[in-house]
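Dropping coords.txt in here (compact mmCIF, C-alpha atoms and all ligand atoms):
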# COMPACT_ATOMS: atom_id res chain seq x y z
CA MET A 287 19.57 -6.43 -16.43
CA LYS A 288 16.54 -4.90 -18.15
CA LEU A 289 13.09 -3.99 -16.80
CA ILE A 290 10.55 -3.93 -19.62
CA GLY A 291 7.24 -2.08 -19.37
CA MET A 292 5.65 1.34 -19.00
CA LEU A 293 5.65 3.23 -15.71
CA ASP A 294 1.92 3.89 -15.97
CA SER A 295 1.64 0.22 -14.98
CA PRO A 296 1.63 0.06 -11.17
CA TYR A 297 3.28 -3.35 -11.43
CA VAL A 298 6.21 -2.06 -13.47
CA ARG A 299 6.54 1.03 -11.28
CA ARG A 300 6.61 -0.91 -7.97
CA VAL A 301 9.37 -3.11 -9.38
CA ALA A 302 11.42 -0.09 -10.58
CA ILE A 303 11.14 1.70 -7.22
CA SER A 304 11.82 -1.49 -5.24
CA LEU A 305 14.92 -2.40 -7.26
CA ASP A 306 16.23 1.14 -6.89
CA LEU A 307 15.74 1.04 -3.09
CA LEU A 308 17.40 -2.38 -2.94
CA GLY A 309 20.41 -0.92 -4.77
CA ILE A 310 19.98 -3.13 -7.85
CA GLU A 311 21.15 -1.58 -11.13
CA PHE A 312 18.92 -2.06 -14.17
CA LYS A 313 18.09 -0.46 -17.48
CA HIS A 314 14.46 0.51 -18.01
CA GLU A 315 12.88 -0.11 -21.43
CA PRO A 316 9.42 1.53 -21.53
CA LEU A 317 7.71 -0.80 -24.02
CA SER A 318 3.89 -0.88 -24.14
CA VAL A 319 2.10 -4.24 -24.00
CA PHE A 320 -0.41 -2.74 -26.46
CA SER A 321 1.28 -0.38 -28.94
CA ALA A 322 4.59 -2.34 -28.91
CA PHE A 323 3.05 -5.84 -28.74
CA GLU A 324 5.34 -7.30 -31.44
CA ALA A 325 8.57 -5.90 -29.97
CA PHE A 326 7.47 -6.95 -26.48
CA SER A 327 6.65 -10.49 -27.65
CA LYS A 328 10.21 -10.92 -28.95
CA ILE A 329 11.46 -10.41 -25.37
CA ASN A 330 8.62 -12.26 -23.62
CA PRO A 331 6.13 -14.15 -25.81
CA VAL A 332 3.52 -13.90 -23.02
CA VAL A 333 3.65 -10.05 -23.28
CA LYS A 334 3.21 -9.27 -19.58
CA ALA A 335 4.50 -6.11 -17.94
CA PRO A 336 6.65 -6.08 -15.96
CA THR A 337 9.11 -8.40 -17.63
CA LEU A 338 12.61 -8.55 -16.20
CA VAL A 339 15.54 -9.90 -18.22
CA LEU A 340 18.35 -10.99 -15.92
CA ASP A 341 22.02 -10.67 -16.95
CA ASP A 342 22.12 -14.43 -17.71
CA GLY A 343 19.13 -14.04 -20.09
CA SER A 344 16.48 -15.51 -17.75
CA VAL A 345 13.13 -13.82 -18.32
CA LEU A 346 11.03 -13.23 -15.18
CA MET A 347 7.51 -11.82 -15.01
CA ASP A 348 4.93 -10.83 -12.38
CA SER A 349 5.90 -7.93 -10.11
CA THR A 350 5.56 -9.88 -6.87
CA LEU A 351 7.74 -12.73 -8.11
CA ILE A 352 10.39 -10.33 -9.45
CA ILE A 353 10.47 -8.36 -6.19
CA ASP A 354 10.53 -11.62 -4.20
CA TYR A 355 13.61 -12.77 -6.13
CA PHE A 356 15.60 -9.66 -5.18
CA GLU A 357 14.14 -9.49 -1.67
CA THR A 358 15.36 -13.06 -1.08
CA LEU A 359 18.85 -12.23 -2.35
CA SER A 360 19.22 -8.97 -0.42
CA ALA A 361 20.87 -8.65 3.00
CA PRO A 362 18.64 -7.85 6.02
CA PRO A 363 19.38 -4.09 6.27
CA SER A 364 18.24 -3.56 2.66
CA LYS A 365 15.16 -5.79 2.73
CA LEU A 366 11.82 -4.09 2.04
CA LEU A 367 9.67 -6.59 3.94
CA PRO A 368 9.76 -7.00 7.74
CA GLN A 369 11.43 -10.13 9.13
CA LYS A 370 9.24 -10.71 12.20
CA SER A 371 6.11 -12.83 11.68
CA GLN A 372 3.53 -10.36 13.03
CA GLU A 373 4.92 -7.38 11.07
CA LEU A 374 5.31 -9.56 7.98
CA ALA A 375 1.67 -10.67 8.15
CA THR A 376 0.54 -7.03 8.46
CA ALA A 377 2.69 -5.99 5.48
CA LEU A 378 1.44 -8.91 3.35
CA ARG A 379 -2.19 -8.08 4.17
CA THR A 380 -1.58 -4.48 3.05
CA LEU A 381 0.11 -5.70 -0.12
CA GLY A 382 -2.81 -8.00 -0.85
CA LEU A 383 -5.23 -5.08 -0.58
CA ALA A 384 -3.10 -2.70 -2.69
CA LEU A 385 -2.54 -5.33 -5.39
CA ALA A 386 -6.26 -6.20 -5.44
CA ALA A 387 -7.00 -2.48 -5.90
CA CYS A 388 -4.57 -2.39 -8.85
CA GLU A 389 -6.10 -5.52 -10.37
CA LYS A 390 -9.66 -4.19 -10.05
CA THR A 391 -8.61 -0.85 -11.57
CA VAL A 392 -7.01 -2.64 -14.53
CA GLN A 393 -10.16 -4.77 -14.99
CA ILE A 394 -12.37 -1.65 -15.12
CA VAL A 395 -10.00 0.14 -17.51
CA TYR A 396 -9.80 -2.88 -19.84
CA GLU A 397 -13.59 -3.34 -19.70
CA HIS A 398 -14.04 0.25 -20.92
CA ASN A 399 -11.05 0.57 -23.27
CA LEU A 400 -10.71 -2.88 -24.84
CA ARG A 401 -14.25 -4.21 -24.99
CA PRO A 402 -16.67 -2.80 -27.60
CA ALA A 403 -19.12 -0.42 -25.87
CA GLU A 404 -22.15 -2.59 -26.74
CA LYS A 405 -20.50 -5.57 -25.01
CA LEU A 406 -19.78 -3.76 -21.75
CA HIS A 407 -21.11 -5.94 -18.94
CA LEU A 408 -22.40 -3.56 -16.27
CA PRO A 409 -22.97 -6.14 -13.48
CA TRP A 410 -19.30 -7.07 -13.78
CA VAL A 411 -18.19 -3.42 -13.71
CA GLU A 412 -20.36 -2.84 -10.62
CA ARG A 413 -18.97 -5.89 -8.86
CA VAL A 414 -15.35 -4.94 -9.60
CA THR A 415 -15.97 -1.31 -8.61
CA GLY A 416 -17.35 -2.47 -5.24
CA GLN A 417 -14.28 -4.65 -4.70
CA LEU A 418 -11.96 -1.77 -5.64
CA LEU A 419 -13.63 0.66 -3.23
CA ALA A 420 -13.64 -1.98 -0.47
CA ALA A 421 -9.87 -2.44 -0.87
CA CYS A 422 -9.35 1.35 -0.75
CA ALA A 423 -11.51 1.66 2.38
CA GLU A 424 -9.48 -1.04 4.15
CA LEU A 425 -6.18 0.56 3.15
CA ASP A 426 -7.39 3.99 4.24
CA LYS A 427 -8.53 2.63 7.61
CA GLN A 428 -5.17 0.94 8.14
CA LEU A 429 -3.17 4.04 7.22
CA ALA A 430 -5.36 6.31 9.36
CA ALA A 431 -4.72 4.04 12.38
CA GLN A 432 -1.04 3.52 11.62
CA PRO A 433 0.48 6.05 9.19
CA SER A 434 3.62 4.92 7.40
CA LEU A 435 6.11 7.66 8.27
CA GLY A 436 9.55 6.05 7.84
CA ALA A 437 12.18 7.87 5.77
CA ARG A 438 12.80 4.71 3.68
CA PRO A 439 9.51 3.25 2.45
CA ASP A 440 9.04 -0.51 2.83
CA GLN A 441 7.30 -2.74 0.26
CA ALA A 442 3.81 -2.12 1.65
CA ALA A 443 4.35 1.65 1.66
CA ILE A 444 5.73 1.63 -1.91
CA THR A 445 2.89 -0.46 -3.30
CA ASN A 446 0.20 1.53 -1.46
CA ALA A 447 1.46 4.79 -2.95
CA VAL A 448 1.98 3.36 -6.44
CA ALA A 449 -1.51 1.81 -6.39
CA TRP A 450 -3.12 5.08 -5.26
CA SER A 451 -1.38 7.17 -7.94
CA PHE A 452 -2.44 4.62 -10.57
CA MET A 453 -6.07 4.75 -9.44
CA GLN A 454 -6.00 8.55 -9.49
CA LEU A 455 -4.50 8.53 -13.00
CA MET A 456 -7.00 6.02 -14.37
CA LEU A 457 -10.24 6.33 -12.38
CA PRO A 458 -10.36 9.59 -10.39
CA ASP A 459 -14.15 9.76 -10.73
CA VAL A 460 -14.58 6.25 -9.32
CA VAL A 461 -11.98 6.37 -6.54
CA LYS A 462 -12.68 9.85 -5.19
CA ALA A 463 -9.60 11.24 -3.47
CA ASP A 464 -11.52 12.97 -0.68
CA ASP A 465 -13.08 9.66 0.39
CA PHE A 466 -9.68 8.20 1.28
CA PRO A 467 -7.70 10.98 3.00
CA ALA A 468 -5.09 8.80 4.74
CA LEU A 469 -4.28 6.91 1.55
CA LYS A 470 -4.09 10.14 -0.42
CA ALA A 471 -1.78 11.80 2.14
CA HIS A 472 0.49 8.74 2.13
CA ALA A 473 0.83 8.75 -1.65
CA VAL A 474 1.30 12.52 -1.89
CA ARG A 475 4.18 12.26 0.61
CA LEU A 476 5.94 9.41 -1.20
CA GLU A 477 5.42 10.92 -4.66
CA GLN A 478 7.57 13.85 -3.45
CA THR A 479 10.55 11.61 -2.62
CA ASP A 480 13.51 11.36 -5.01
CA VAL A 481 13.08 7.64 -5.66
CA PHE A 482 9.43 8.06 -6.72
CA LYS A 483 10.33 11.07 -8.87
CA ARG A 484 12.98 8.98 -10.67
CA TYR A 485 10.14 6.73 -11.96
CA PRO A 486 7.28 9.11 -12.80
CA ILE A 487 3.90 7.58 -13.55
CA ALA A 488 3.35 9.87 -16.55
N1 LIG A 501 0.01 -9.85 -11.35
C1 LIG A 501 0.79 -9.21 -12.38
C2 LIG A 501 -0.09 -8.28 -13.19
C3 LIG A 501 0.67 -7.67 -14.36
C4 LIG A 501 -0.27 -7.05 -15.38
O1 LIG A 501 -1.45 -7.43 -15.49
N2 LIG A 501 0.29 -6.15 -16.19
C5 LIG A 501 -0.49 -5.54 -17.25
C6 LIG A 501 0.01 -4.14 -17.49
S1 LIG A 501 -0.51 -3.09 -16.16
C7 LIG A 501 -0.30 -6.36 -18.52
O2 LIG A 501 0.72 -6.98 -18.71
N3 LIG A 501 -1.34 -6.34 -19.37
C8 LIG A 501 -1.35 -7.02 -20.61
C9 LIG A 501 -2.04 -8.34 -20.54
O3 LIG A 501 -2.41 -8.80 -19.43
O4 LIG A 501 -2.22 -8.94 -21.60
C10 LIG A 501 1.99 -8.50 -11.75
O5 LIG A 501 1.97 -8.26 -10.53
O6 LIG A 501 2.96 -8.22 -12.47

Could you write out this structure as structure tokens?
Ligand SMILES: N[C@@H](CCC(=O)N[C@@H](CS)C(=O)NCC(=O)O)C(=O)O
Amino acid sequence: MKLIGMLDSPYVRRVAISLDLLGIEFKHEPLSVFSAFEAFSKINPVVKAPTLVLDDGSVLMDSTLIIDYFETLSAPPSKLLPQKSQELATALRTLGLALAACEKTVQIVYEHNLRPAEKLHLPWVERVTGQLLAACAELDKQLAAQPSLGARPDQAAITNAVAWSFMQLMLPDVVKADDFPALKAHAVRLEQTDVFKRYPIA
């Protein structure tokens, strides 16, 4: 099984860390969707990272769908999502916020890096920045009220930390670390664990 994509993508990184914690063996191929577009398109013509090639040749994409596949197949003690409805709803709300923060960060980065400077649409950047900071504020509030302290991170904890590290890599002047102390502390703690260190962001 092969996981294709760079670890500076929060989507690729959350899949790598999740598969590792679920005990799934895979080979990581760090292909860029930009500089290795041609090579990537031979594996997945849609050129989306992450792409996962299963042993039977099936090609999956989208981090949540890939993780869901393995979460469904894994036995209860290994699962990364809670089984009870209330806890599951809380975890899914957190995941929604963290994934929205990743999406808004990517939109801002692409707006600045891919669009010609004269075509930059500031109202859009302002809207997306507001959405990004709103997601961070919600996550920070949640983590301040209920810190995630377990030895084995669950899916919400993984994605929160991966999302934060991505935002700090890409937009540290927009998402100011001191404004979100609980989120920062959470990510700093998980980034020191062996499983996070096995898949470094940069
Ligand atoms: N919702 C998707 C988002 C994946 C995504 O947008 N990946 C970026 C890399 S961070 C990508 O493939 N960008 C190239 C493109 O969209 O053309 C997921 O969870 O996997």

_Counting all atoms listed in the file, what are the residues, protein, DNA or RNA alike, that approach ligand LIG 501 (chain A) to within 9 Å? I want them as number ranges by chain._
A: 291-298, 301, 318-320, 332-337, 347-352, 385, 388-389, 392

*Fewer than 2 positions away in the same chain doesn't count, so skip those; otherwise give me all residues within 6 Å of range 308-311 of chain A, counting all atoms listed in the file, as number ranges by chain.*
A: 305-306, 364

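In this model, the gap between CA of Met456 in chain A and CA of Thr391 in chain A comes to 7.6 Å.
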
*Minimum-distance residue to Ala431 in chain A, chosen among A:Ser304, A:Leu457, A:Ala468, A:Phe452 (using only C-alpha atoms)*: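 For Ala431 in chain A, the nearest of the given residues is A:Ala468.
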
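For Val474 in chain A, the residues within 10 Å (counting all atoms listed in the file, excluding itself and residues fewer than 6 positions away along the chain) are Ala447, Trp450, Ser451 and Ala468 of chain A.
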
Those same residues - C-alpha atoms - I'd like them written as a compact mmCIF listing (two decimals), in the coordinates of the input.
# COMPACT_ATOMS: atom_id res chain seq x y z
CA ALA A 447 1.46 4.79 -2.95
CA TRP A 450 -3.12 5.08 -5.26
CA SER A 451 -1.38 7.17 -7.94
CA ALA A 468 -5.09 8.80 4.74

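Here the question is which of A:Lys427, A:Arg299, A:Ala384, A:Thr415 gets nearest to Lys483 in chain A using only C-alpha atoms, and that residue is A:Arg299.
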
*Which of these residues is nearest to Ala442 in chain A, using all atoms listed in the file: A:His314, A:Lys390, A:Lys405, A:Lys365?*
A:Lys365

_Distance criterion (only C-alpha atoms): nearest to Val411 in chain A out of A:Val395, A:Ile290, A:Leu425, A:Val345_ =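 Using only C-alpha atoms, Val411 in chain A sits closest to A:Val395.
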